[in-house]
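Asker: You'll find upload.tsv just under this line, and it carries TSV, C-alpha atoms.
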```tsv
chain	number	residue	atom	x	y	z
A	1	MET	CA	137.04	195.35	92.47
A	2	LYS	CA	136.91	191.91	91.01
A	3	THR	CA	135.58	189.29	93.43
A	4	ASP	CA	135.09	186.16	91.37
A	5	ILE	CA	138.73	185.15	91.20
A	6	ASN	CA	139.02	181.40	92.07
A	7	LEU	CA	142.32	180.86	93.78
A	8	ALA	CA	141.79	177.15	94.47
A	9	SER	CA	143.08	174.72	91.91
A	10	GLY	CA	140.66	172.54	89.86
A	11	VAL	CA	141.73	169.41	91.74
A	12	LEU	CA	140.90	170.94	95.12
A	13	VAL	CA	137.43	171.99	93.95
A	14	GLU	CA	136.72	168.52	92.63
A	15	THR	CA	137.88	166.92	95.90
A	16	ALA	CA	135.66	169.22	97.92
A	17	SER	CA	132.56	168.48	95.86
A	18	LYS	CA	133.39	164.76	95.88
A	19	SER	CA	133.68	164.66	99.67
A	20	LYS	CA	130.44	166.66	99.96
A	21	ALA	CA	128.60	164.13	97.78
A	22	LEU	CA	130.19	161.32	99.75
A	23	GLY	CA	129.00	162.92	102.99
A	24	ILE	CA	125.48	163.13	101.70
A	25	LEU	CA	125.58	159.53	100.48
A	26	ARG	CA	127.01	158.38	103.79
A	27	ILE	CA	124.29	160.13	105.78
A	28	ALA	CA	121.60	158.76	103.41
A	29	GLY	CA	123.01	155.22	103.53
A	30	ILE	CA	123.42	155.11	107.32
A	31	SER	CA	119.99	156.72	107.82
A	32	GLY	CA	118.46	154.14	105.48
A	33	VAL	CA	120.06	151.25	107.36
A	34	ILE	CA	118.98	152.69	110.72
A	35	PHE	CA	115.46	153.31	109.37
A	36	ILE	CA	115.14	149.80	107.97
A	37	THR	CA	116.52	148.23	111.15
A	38	VAL	CA	114.28	150.21	113.50
A	39	THR	CA	111.22	149.69	111.29
A	40	SER	CA	111.89	145.97	111.03
A	41	ILE	CA	112.29	145.62	114.81
A	42	LEU	CA	109.15	147.65	115.42
A	43	LEU	CA	107.22	145.60	112.88
A	44	PHE	CA	108.48	142.36	114.41
A	45	VAL	CA	107.35	143.44	117.87
A	46	LEU	CA	104.01	144.74	116.61
A	47	ILE	CA	103.29	141.63	114.55
A	48	ASN	CA	104.13	139.44	117.52
A	49	GLN	CA	101.82	141.44	119.73
A	50	ILE	CA	98.98	141.59	117.22
A	51	SER	CA	99.30	138.01	116.02
A	52	PRO	CA	96.06	136.09	116.77
A	53	ASP	CA	97.93	132.83	117.39
A	54	ASN	CA	97.82	133.26	121.18
A	55	ILE	CA	94.13	134.03	121.02
A	56	LYS	CA	93.54	130.93	118.92
A	57	LYS	CA	95.32	128.82	121.54
A	58	GLN	CA	92.99	130.24	124.21
A	59	GLU	CA	90.00	129.55	121.97
A	60	ASP	CA	91.07	125.94	121.51
A	61	LYS	CA	91.29	125.51	125.29
A	62	ILE	CA	87.79	126.93	125.79
A	63	LEU	CA	86.38	124.85	122.94
A	64	PHE	CA	87.82	121.77	124.60
A	65	SER	CA	86.06	122.70	127.86
A	66	ILE	CA	82.77	123.46	126.08
A	67	LYS	CA	82.88	120.05	124.40
A	68	PHE	CA	81.92	118.51	127.75
A	69	LEU	CA	78.99	120.92	128.14
A	70	HIS	CA	77.27	120.16	124.84
A	71	GLU	CA	74.38	118.44	126.64
A	72	LYS	CA	73.64	121.60	128.59
A	73	GLN	CA	73.99	123.59	125.38
A	74	ALA	CA	71.39	121.36	123.72
A	75	LYS	CA	69.03	121.70	126.69
A	76	ILE	CA	69.20	125.49	126.89
A	77	SER	CA	68.79	125.71	123.15
A	78	ALA	CA	65.69	123.51	123.39
A	79	VAL	CA	64.30	125.56	126.29
A	80	ASN	CA	64.83	128.82	124.40
A	81	SER	CA	63.25	127.43	121.27
A	82	LYS	CA	60.20	126.12	123.16
A	83	ILE	CA	59.85	129.40	125.06
A	84	ALA	CA	59.81	131.34	121.77
A	85	ASP	CA	57.10	129.03	120.41
A	86	ILE	CA	55.06	129.13	123.63
A	87	SER	CA	55.26	132.92	123.63
A	88	LYS	CA	53.85	133.01	120.09
A	89	ILE	CA	50.99	130.68	121.02
A	90	LEU	CA	50.16	132.60	124.21
A	91	ASP	CA	50.16	135.89	122.31
A	92	SER	CA	47.84	134.56	119.62
A	93	ARG	CA	45.30	132.96	121.96
A	94	ILE	CA	41.86	134.42	122.31
A	95	ASN	CA	40.59	134.66	125.86
A	96	TYR	CA	37.25	132.93	125.37
A	97	GLU	CA	36.65	132.65	129.12
A	98	SER	CA	36.69	136.42	129.46
A	99	GLU	CA	34.56	136.90	126.33
A	100	MET	CA	32.01	134.37	127.50
A	101	ASN	CA	31.85	135.89	130.99
A	102	THR	CA	31.41	139.36	129.50
A	103	PHE	CA	28.37	138.20	127.53
A	104	LEU	CA	26.96	136.21	130.45
A	105	GLU	CA	27.24	139.29	132.68
A	106	LYS	CA	25.17	141.28	130.20
A	107	ILE	CA	22.34	138.76	130.16
A	108	PRO	CA	19.84	139.53	132.95
A	109	ASN	CA	18.81	136.80	135.36
A	110	ASP	CA	15.24	136.66	134.04
A	111	VAL	CA	16.50	135.90	130.55
A	112	SER	CA	17.37	132.30	129.88
A	113	ILE	CA	20.04	131.30	127.41
A	114	ASN	CA	18.84	128.87	124.80
A	115	SER	CA	22.14	128.81	122.96
A	116	LEU	CA	25.43	130.64	122.94
A	117	GLY	CA	27.99	130.18	120.21
A	118	ILE	CA	31.38	131.85	120.06
A	119	ASP	CA	34.14	131.46	117.55
A	120	LYS	CA	36.96	133.57	116.18
A	121	SER	CA	34.77	135.93	114.19
A	122	LYS	CA	31.26	135.92	115.59
A	123	VAL	CA	28.99	135.39	118.57
A	124	THR	CA	25.50	133.96	118.25
A	125	ILE	CA	23.06	134.09	121.11
A	126	THR	CA	19.50	132.84	121.41
A	127	VAL	CA	17.66	133.84	124.54
A	128	SER	CA	14.11	133.68	125.80
A	129	SER	CA	12.20	135.52	128.48
A	130	ASN	CA	8.70	136.07	129.79
A	131	SER	CA	9.03	139.78	129.26
A	132	LEU	CA	10.47	141.98	126.53
A	133	SER	CA	11.91	144.40	129.05
A	134	PRO	CA	14.94	142.28	130.14
A	135	ILE	CA	15.58	141.39	126.49
A	136	ASP	CA	15.62	145.10	125.70
A	137	LYS	CA	17.98	145.71	128.61
A	138	MET	CA	20.27	142.98	127.31
A	139	LEU	CA	20.26	144.42	123.80
A	140	ASN	CA	21.13	147.85	125.16
A	141	SER	CA	24.06	146.32	127.03
A	142	PHE	CA	25.29	144.80	123.79
A	143	PHE	CA	24.94	148.15	122.02
A	144	GLU	CA	27.06	149.71	124.79
A	145	MET	CA	29.68	147.07	124.09
A	146	ILE	CA	29.75	148.14	120.46
A	147	GLU	CA	30.11	151.79	121.45
A	148	LYS	CA	32.94	150.95	123.82
A	149	LYS	CA	34.52	148.72	121.14
A	150	GLN	CA	34.39	145.80	123.53
A	151	ILE	CA	34.66	142.41	121.78
A	152	ILE	CA	31.97	143.09	119.15
A	153	LYS	CA	31.56	145.66	116.40
A	154	SER	CA	28.04	144.99	115.11
A	155	ILE	CA	24.86	143.12	115.97
A	156	THR	CA	22.24	141.63	113.71
A	157	ILE	CA	18.91	140.55	115.12
A	158	GLN	CA	18.21	137.35	113.29
A	159	SER	CA	14.79	136.64	114.74
A	160	ILE	CA	12.44	137.74	117.43
A	161	SER	CA	9.32	135.73	118.16
A	162	SER	CA	6.78	134.89	120.79
A	163	ASP	CA	4.88	131.71	121.49
A	164	GLN	CA	1.20	131.38	120.80
A	165	GLY	CA	0.08	132.59	124.19
A	166	GLY	CA	2.50	135.50	124.06
A	167	SER	CA	4.01	134.47	127.37
A	168	THR	CA	7.54	133.70	126.13
A	169	TYR	CA	9.60	135.83	123.82
A	170	SER	CA	12.62	134.51	121.95
A	171	LEU	CA	15.42	136.54	120.46
A	172	SER	CA	18.21	135.36	118.26
A	173	ILE	CA	21.14	137.64	117.50
A	174	LYS	CA	24.42	137.44	115.70
A	175	ALA	CA	27.30	139.72	116.61
A	176	ASN	CA	30.46	140.22	114.58
A	177	LYS	CA	33.62	140.38	116.61
A	178	LEU	CA	36.19	143.14	116.34
B	1	MET	CA	127.28	159.31	61.93
B	2	LYS	CA	127.81	157.18	64.98
B	3	GLU	CA	130.36	158.56	67.37
B	4	ASP	CA	132.61	155.92	68.86
B	5	THR	CA	132.66	155.94	72.63
B	6	ASN	CA	135.58	153.93	73.75
B	7	VAL	CA	135.23	153.06	77.39
B	8	ASP	CA	137.96	150.61	78.08
B	9	ILE	CA	138.58	148.55	81.19
B	10	ASN	CA	141.23	150.94	82.45
B	11	THR	CA	138.80	153.81	82.45
B	12	ILE	CA	136.29	151.73	84.42
B	13	LYS	CA	138.97	150.74	86.91
B	14	THR	CA	140.01	154.35	87.29
B	15	LEU	CA	136.44	155.46	87.84
B	16	TYR	CA	135.84	152.59	90.29
B	17	ARG	CA	138.93	153.54	92.31
B	18	LYS	CA	137.90	157.16	92.25
B	19	TYR	CA	134.25	156.55	93.29
B	20	LYS	CA	134.69	153.33	95.30
B	21	GLU	CA	133.32	154.81	98.54
B	22	HIS	CA	130.42	156.39	96.70
B	23	LEU	CA	129.49	153.08	95.14
B	24	ILE	CA	129.34	151.34	98.51
B	25	TYR	CA	126.92	153.90	99.88
B	26	ILE	CA	124.90	153.89	96.68
B	27	LEU	CA	124.69	150.10	96.97
B	28	VAL	CA	123.61	150.39	100.63
B	29	ILE	CA	120.94	152.91	99.71
B	30	PHE	CA	119.78	150.68	96.87
B	31	VAL	CA	119.55	147.64	99.15
B	32	THR	CA	117.73	149.73	101.76
B	33	VAL	CA	115.18	150.89	99.20
B	34	VAL	CA	114.71	147.33	97.90
B	35	LEU	CA	114.24	146.05	101.46
B	36	PHE	CA	111.78	148.80	102.21
B	37	LEU	CA	109.74	148.17	99.09
B	38	PHE	CA	109.71	144.39	99.13
B	39	SER	CA	109.96	143.55	102.82
B	40	VAL	CA	108.86	146.40	105.05
B	41	LEU	CA	105.94	147.75	103.03
B	42	PRO	CA	104.19	144.37	102.67
B	43	ARG	CA	104.58	143.81	106.43
B	44	ILE	CA	103.00	147.19	107.10
B	45	SER	CA	100.01	146.32	104.92
B	46	ASP	CA	99.84	142.92	106.69
B	47	LEU	CA	99.57	144.77	109.99
B	48	ALA	CA	96.11	146.06	109.10
B	49	LYS	CA	94.94	142.58	108.10
B	50	LEU	CA	96.40	141.07	111.25
B	51	ASN	CA	94.71	143.72	113.33
B	52	ASN	CA	91.35	142.92	111.74
B	53	GLN	CA	91.93	139.21	112.23
B	54	ARG	CA	92.87	139.86	115.85
B	55	LYS	CA	89.64	141.79	116.38
B	56	ILE	CA	87.63	138.90	114.91
B	57	GLU	CA	89.46	136.36	117.06
B	58	LEU	CA	89.05	138.53	120.16
B	59	ASN	CA	85.34	138.75	119.47
B	60	GLN	CA	85.20	134.99	119.00
B	61	LEU	CA	87.16	134.46	122.21
B	62	SER	CA	84.77	136.73	124.07
B	63	ILE	CA	81.78	134.74	122.75
B	64	LEU	CA	83.42	131.47	123.73
B	65	LYS	CA	84.26	132.79	127.19
B	66	ASN	CA	80.68	133.95	127.68
B	67	ASN	CA	79.35	130.61	126.43
B	68	LEU	CA	81.64	128.70	128.77
B	69	SER	CA	80.73	130.92	131.69
B	70	LEU	CA	77.00	130.60	130.94
B	71	LEU	CA	77.10	126.83	130.51
B	72	SER	CA	79.30	126.30	133.56
B	73	ASN	CA	77.01	128.38	135.76
B	74	LEU	CA	73.84	126.65	134.62
B	75	ASP	CA	72.33	124.40	137.23
B	76	ASP	CA	71.64	121.11	135.50
B	77	SER	CA	68.65	120.26	137.68
B	78	VAL	CA	67.06	123.68	137.16
B	79	LEU	CA	67.63	123.37	133.43
B	80	ASP	CA	66.07	119.89	133.45
B	81	SER	CA	62.99	121.12	135.28
B	82	GLN	CA	62.65	124.10	132.91
B	83	LEU	CA	62.93	121.80	129.93
B	84	PHE	CA	60.33	119.50	131.43
B	85	LEU	CA	58.02	122.43	132.05
B	86	VAL	CA	58.22	123.88	128.55
B	87	SER	CA	58.03	120.40	127.01
B	88	SER	CA	54.83	119.77	128.95
B	89	ALA	CA	53.41	123.02	127.62
B	90	LEU	CA	54.48	122.38	124.05
B	91	PRO	CA	55.23	118.68	123.57
B	92	SER	CA	57.39	117.49	120.72
B	93	GLU	CA	54.69	115.11	119.55
B	94	LYS	CA	50.97	114.50	119.99
B	95	ASP	CA	50.55	114.09	123.74
B	96	PHE	CA	47.24	112.20	124.04
B	97	GLU	CA	47.79	111.47	127.72
B	98	GLY	CA	48.51	115.11	128.50
B	99	VAL	CA	45.46	116.22	126.53
B	100	LEU	CA	43.13	113.84	128.35
B	101	ASN	CA	44.60	114.80	131.74
B	102	SER	CA	44.15	118.45	130.89
B	103	ILE	CA	40.50	117.98	129.86
B	104	SER	CA	39.85	115.83	132.88
B	105	LEU	CA	41.33	118.35	135.33
B	106	ALA	CA	39.54	121.29	133.73
B	107	THR	CA	36.15	119.56	133.92
B	108	ALA	CA	36.77	118.53	137.52
B	109	LYS	CA	37.85	122.02	138.59
B	110	SER	CA	35.00	123.78	136.76
B	111	GLY	CA	32.31	121.53	138.15
B	112	ALA	CA	31.21	120.47	134.68
B	113	SER	CA	31.20	116.89	133.57
B	114	LEU	CA	32.62	115.34	130.46
B	115	ASP	CA	30.07	113.82	128.13
B	116	ASP	CA	32.05	112.77	125.14
B	117	TYR	CA	35.19	113.58	123.25
B	118	GLU	CA	36.52	112.85	119.83
B	119	PHE	CA	40.06	113.18	118.57
B	120	GLN	CA	40.45	114.33	115.02
B	121	VAL	CA	43.80	112.78	114.28
B	122	GLY	CA	45.59	113.59	111.04
B	123	GLY	CA	43.34	114.41	108.14
B	124	LEU	CA	43.78	116.36	104.97
B	125	SER	CA	43.11	119.70	106.62
B	126	GLN	CA	46.07	119.35	108.96
B	127	ARG	CA	48.61	120.64	106.46
B	128	LEU	CA	46.54	123.74	105.96
B	129	SER	CA	46.17	124.35	109.69
B	130	VAL	CA	49.93	124.09	110.21
B	131	LYS	CA	50.39	126.68	107.51
B	132	THR	CA	47.90	129.08	109.03
B	133	THR	CA	48.89	128.84	112.69
B	134	GLY	CA	52.54	127.99	112.35
B	135	PHE	CA	52.23	125.08	114.75
B	136	PRO	CA	50.83	121.60	114.29
B	137	PHE	CA	47.97	120.71	116.61
B	138	LEU	CA	45.70	117.95	117.64
B	139	THR	CA	42.02	118.77	117.40
B	140	LEU	CA	39.62	117.49	120.02
B	141	ALA	CA	35.85	117.92	119.90
B	142	VAL	CA	34.54	117.84	123.46
B	143	SER	CA	30.98	117.67	124.72
B	144	ILE	CA	30.52	118.69	128.29
B	145	ARG	CA	27.56	118.96	130.58
B	146	GLY	CA	27.37	122.20	132.52
B	147	THR	CA	25.92	125.65	132.80
B	148	PRO	CA	27.40	128.49	130.71
B	149	LEU	CA	29.30	129.68	133.78
B	150	GLN	CA	30.78	126.24	134.31
B	151	VAL	CA	31.72	126.05	130.65
B	152	ALA	CA	33.42	129.44	130.89
B	153	LYS	CA	35.33	128.20	133.92
B	154	PHE	CA	36.24	125.03	132.04
B	155	ILE	CA	37.66	127.13	129.19
B	156	GLY	CA	39.61	129.22	131.71
B	157	TYR	CA	41.11	126.19	133.46
B	158	LEU	CA	41.91	124.61	130.11
B	159	ALA	CA	43.73	127.78	129.05
B	160	ARG	CA	45.86	127.48	132.18
B	161	SER	CA	46.80	123.88	131.66
B	162	THR	CA	49.22	121.99	129.49
B	163	PRO	CA	49.66	121.03	126.68
B	164	LEU	CA	48.85	124.53	125.45
B	165	SER	CA	45.47	124.65	123.81
B	166	GLN	CA	43.18	127.02	122.01
B	167	VAL	CA	39.42	126.71	122.01
B	168	THR	CA	38.30	127.51	118.47
B	169	SER	CA	34.54	127.33	118.83
B	170	ILE	CA	31.97	127.05	121.57
B	171	MET	CA	28.40	126.00	121.08
B	172	GLN	CA	26.46	126.15	124.31
B	173	ASP	CA	22.84	125.47	125.14
B	174	SER	CA	21.29	125.68	128.58
B	175	ARG	CA	22.94	122.50	129.93
B	176	ASN	CA	25.41	121.23	127.35
B	177	ALA	CA	28.29	122.61	125.38
B	178	THR	CA	30.32	121.43	122.45
B	179	LEU	CA	33.80	122.79	122.08
B	180	ASP	CA	36.47	122.39	119.43
B	181	ILE	CA	39.90	122.57	121.00
B	182	ASN	CA	43.32	122.59	119.36
B	183	PHE	CA	46.18	121.18	121.41
B	184	TYR	CA	49.53	122.37	120.12
B	185	TYR	CA	52.74	120.41	119.75
B	186	LYS	CA	55.94	121.02	117.88
B	187	ALA	CA	58.92	118.80	117.24
B	188	LEU	CA	62.28	120.25	118.11
B	189	ALA	CA	64.40	121.18	115.13
B	190	SER	CA	67.61	119.20	114.99
B	191	SER	CA	70.27	121.47	116.38
B	192	GLN	CA	73.80	121.62	115.08
B	193	PHE	CA	76.19	123.32	117.43
B	194	ASN	CA	78.00	126.27	116.06
B	195	ASP	CA	80.71	127.20	118.50
B	196	SER	CA	81.14	130.65	117.04
B	197	GLN	CA	77.53	131.48	117.89
B	198	ALA	CA	76.69	133.05	121.23
B	199	ILE	CA	74.43	130.96	123.44
B	200	ALA	CA	71.54	133.06	124.63
B	201	PRO	CA	70.58	132.73	128.28
B	202	ILE	CA	66.89	132.44	129.11
B	203	SER	CA	65.48	135.91	128.59
B	204	GLU	CA	63.43	137.81	131.15
B	205	GLU	CA	60.34	137.17	129.02
B	206	GLY	CA	61.25	133.50	128.96
B	207	LYS	CA	61.61	133.43	132.74
B	208	GLN	CA	58.19	135.06	133.05
B	209	ILE	CA	56.69	132.41	130.79
B	210	ILE	CA	58.30	129.68	132.90
B	211	GLU	CA	56.93	131.34	136.04
B	212	THR	CA	53.49	131.52	134.43
B	213	LEU	CA	53.62	127.86	133.50
B	214	SER	CA	54.78	127.01	137.04
B	215	SER	CA	51.91	129.01	138.47
B	216	TRP	CA	49.51	126.79	136.53
B	217	GLY	CA	50.54	124.02	138.84
B	218	ILE	CA	52.61	121.97	136.45
B	219	ASN	CA	55.08	120.04	138.48
B	220	SER	CA	58.47	120.92	137.10
B	221	LEU	CA	60.27	117.85	138.36
B	222	PRO	CA	60.96	115.20	135.72
B	223	GLY	CA	59.18	111.95	136.34
B	224	PHE	CA	56.16	113.63	137.83
B	225	GLU	CA	52.85	112.57	136.42
B	226	THR	CA	49.92	114.94	136.50
B	227	PRO	CA	47.27	113.26	138.64
B	228	ILE	CA	43.91	112.51	137.11
B	229	SER	CA	40.96	113.61	139.18
B	230	ASP	CA	39.14	110.99	141.16
B	231	THR	CA	35.81	112.44	140.17
B	232	SER	CA	34.27	109.68	138.16
B	233	SER	CA	32.10	112.00	136.07
B	234	ALA	CA	35.15	114.01	135.03
B	235	ASN	CA	37.37	111.08	134.22
B	236	PRO	CA	37.48	110.44	130.50
B	237	PHE	CA	38.90	106.93	130.87
```
Now, as a test, write the supplied structure out as structure tokens.
Answerer:
Amino acid sequence: MKTDINLASGVLVETASKSKALGILRIAGISGVIFITVTSILLFVLINQISPDNIKKQEDKILFSIKFLHEKQAKISAVNSKIADISKILDSRINYESEMNTFLEKIPNDVSINSLGIDKSKVTITVSSNSLSPIDKMLNSFFEMIEKKQIIKSITIQSISSDQGGSTYSLSIKANKL
Amino acid sequence: MKEDTNVDINTIKTLYRKYKEHLIYILVIFVTVVLFLFSVLPRISDLAKLNNQRKIELNQLSILKNNLSLLSNLDDSVLDSQLFLVSSALPSEKDFEGVLNSISLATAKSGASLDDYEFQVGGLSQRLSVKTTGFPFLTLAVSIRGTPLQVAKFIGYLARSTPLSQVTSIMQDSRNATLDINFYYKALASSQFNDSQAIAPISEEGKQIIETLSSWGINSLPGFETPISDTSSANPF
């Protein structure tokens, strides 16, 4: 049986395809207009919400208020700057009081200090005593300091002498600081 | 051979009449596409920029709000006393009076007595010292009379007085000592306010330093003058 017999006239077929194309165009056109309208409205709302203009207005208000507080701003800036500098100085200072006391504690009572010199890198001490024993005790204390890595790292005995009668002994040492 | 295509006005009119409705929709679609390409798309790309700008402005607003809040809540008198305190510790210029007061008080408290002192003002070596320490200083050579213990105490008291100082060398014999002392000062850098920069409050470390300075007995009220000891032997004047 033959099934591909077209009973509709050529004009009817053309009209049908024309109205189908028109339908598609209509849907596409209306959809496009709706899409553009909705997108534009959404964009308008979003841009208005995101716009930094309102924020800038608030900033201007705050800046105006801060203008009257510039003196305080200068003061706190000065305080912070000075504190930073003071902190650096305090951190870099050497505690000479403690160093001096540490050495004085190590020197026995029967040893008299002829001279004591301290600077950033070395300590020089000249002592004298009637006996060698307290001088020896003192030296041992200094050696302990080196072992404990306390203030000094090495000692050099620069001179050791006694007077003519042999009643007074003098010792001069130089210690390098850590 | 060129084939003649004769499209006359009647044919166009016929086609127009036949596809009039189509043309309108095609025109609408064309306009929609043009609007999308030249109006909507650029706005969409602007959105990202605006969003970034908004973030920057919000950040700036937050900084400004914090600055305003910090400055408004600062007690002016407390700030003045803190500034006085830190300025006493690190003066903006050579503070001869402060230095002499400091030496005088330290000798009085330690029980030593001041023999002699000598300011080493200026000099060619100063530029070098600024380079090495980072801070300019005034060097004072002091001779004091006292036992080593008294000298140690003197150094301790001096370390806890203002202007901030650093003893650089000690030469002590049984009764006398000669010390080289550096007294620091530093001029404040000229500050230009940048409103977009956050103002830092005084840090915890800073507060501790202020407390330490206060504990040294520096009066933090402006206008206060550190008293000079009545002990005649300790008075350098």
Asker: Do a neighbour search on A:Ser98 at 9 Å with all atoms listed in the file, toss out local chain neighbours closer than 4 positions, and write the hits as a PyMOL selection string.
Answerer: (chain A and resi 102-103) or (chain B and resi 152+156)
Asker: Could you list the residues in chain A lying within 7 Å of chain B, using all atoms listed in the file, and format the result as a ChimeraX atom specification?
Answerer: /A:22,25-26,28-29,32-33,36,40,47,50-52,55,59,62,66,69,72-73,75,79-80,82-83,86,93,96-97,100-101,113-120
Asker: As an exercise, work out the distance from atom CA of B:Gln197 to atom CA of A:Lys57 in Å and give it to one decimal place.
Answerer: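 These atoms are spaced 18.4 Å apart.
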Asker: Grab the atom CA of A:Ser172 to atom CA of A:Ser159 distance for me, in Å with one decimal place.
Answerer: 5.1 Å
Asker: Please report the interatomic distance between atom CA of A:Ser131 and atom CA of A:Thr168 in Å with one decimal.
Answerer: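 Atom-to-atom, atom CA of A:Ser131 and atom CA of A:Thr168 are spaced 7.0 Å apart.
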Asker: Identify which of the residues A:Asn48, A:Ala84, A:Gly23, A:Leu132 lies closest to A:Leu171, counting all atoms listed in the file when measuring atom-to-atom distances.
Answerer: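 Nearest candidate to A:Leu171 out of A:Asn48, A:Ala84, A:Gly23, A:Leu132: A:Leu132.
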Asker: Taking only C-alpha atoms into account, which of A:Ser128, A:Lys174, A:Gln58, A:Leu43 comes nearest A:Ser161?
Answerer: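 Of all the options, A:Ser128 lies closest to A:Ser161.
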Asker: With only C-alpha atoms as the atoms that count, which of A:Ile94, A:Ile107, A:Leu139, A:Leu63 lies nearest to A:Leu178?
Answerer: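 The shortest atom-to-atom distance to A:Leu178 comes from A:Ile94.
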Asker: List every protein, DNA or RNA residue that has an atom no more than 7 Å from (31.7, 121.7, 130.6) in the file's coordinate frame, counting all atoms listed in the file, and report them as a compact mmCIF listing (two decimals) with C-alpha atoms, keeping the file's coordinate frame.
Answerer:
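Written output follows (selection10.txt):
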```txt
# COMPACT_ATOMS: atom_id res chain seq x y z
CA THR B 107 36.15 119.56 133.92
CA ALA B 112 31.21 120.47 134.68
CA SER B 113 31.20 116.89 133.57
CA LEU B 114 32.62 115.34 130.46
CA ILE B 144 30.52 118.69 128.29
CA ARG B 145 27.56 118.96 130.58
CA GLY B 146 27.37 122.20 132.52
CA GLN B 150 30.78 126.24 134.31
CA VAL B 151 31.72 126.05 130.65
CA PHE B 154 36.24 125.03 132.04
CA ALA B 177 28.29 122.61 125.38
```
Asker: For B:Leu138, which of B:Asn182, B:Asn10, B:Asn73, B:Ser104 is the closest residue, counting all atoms listed in the file?
Answerer: B:Asn182
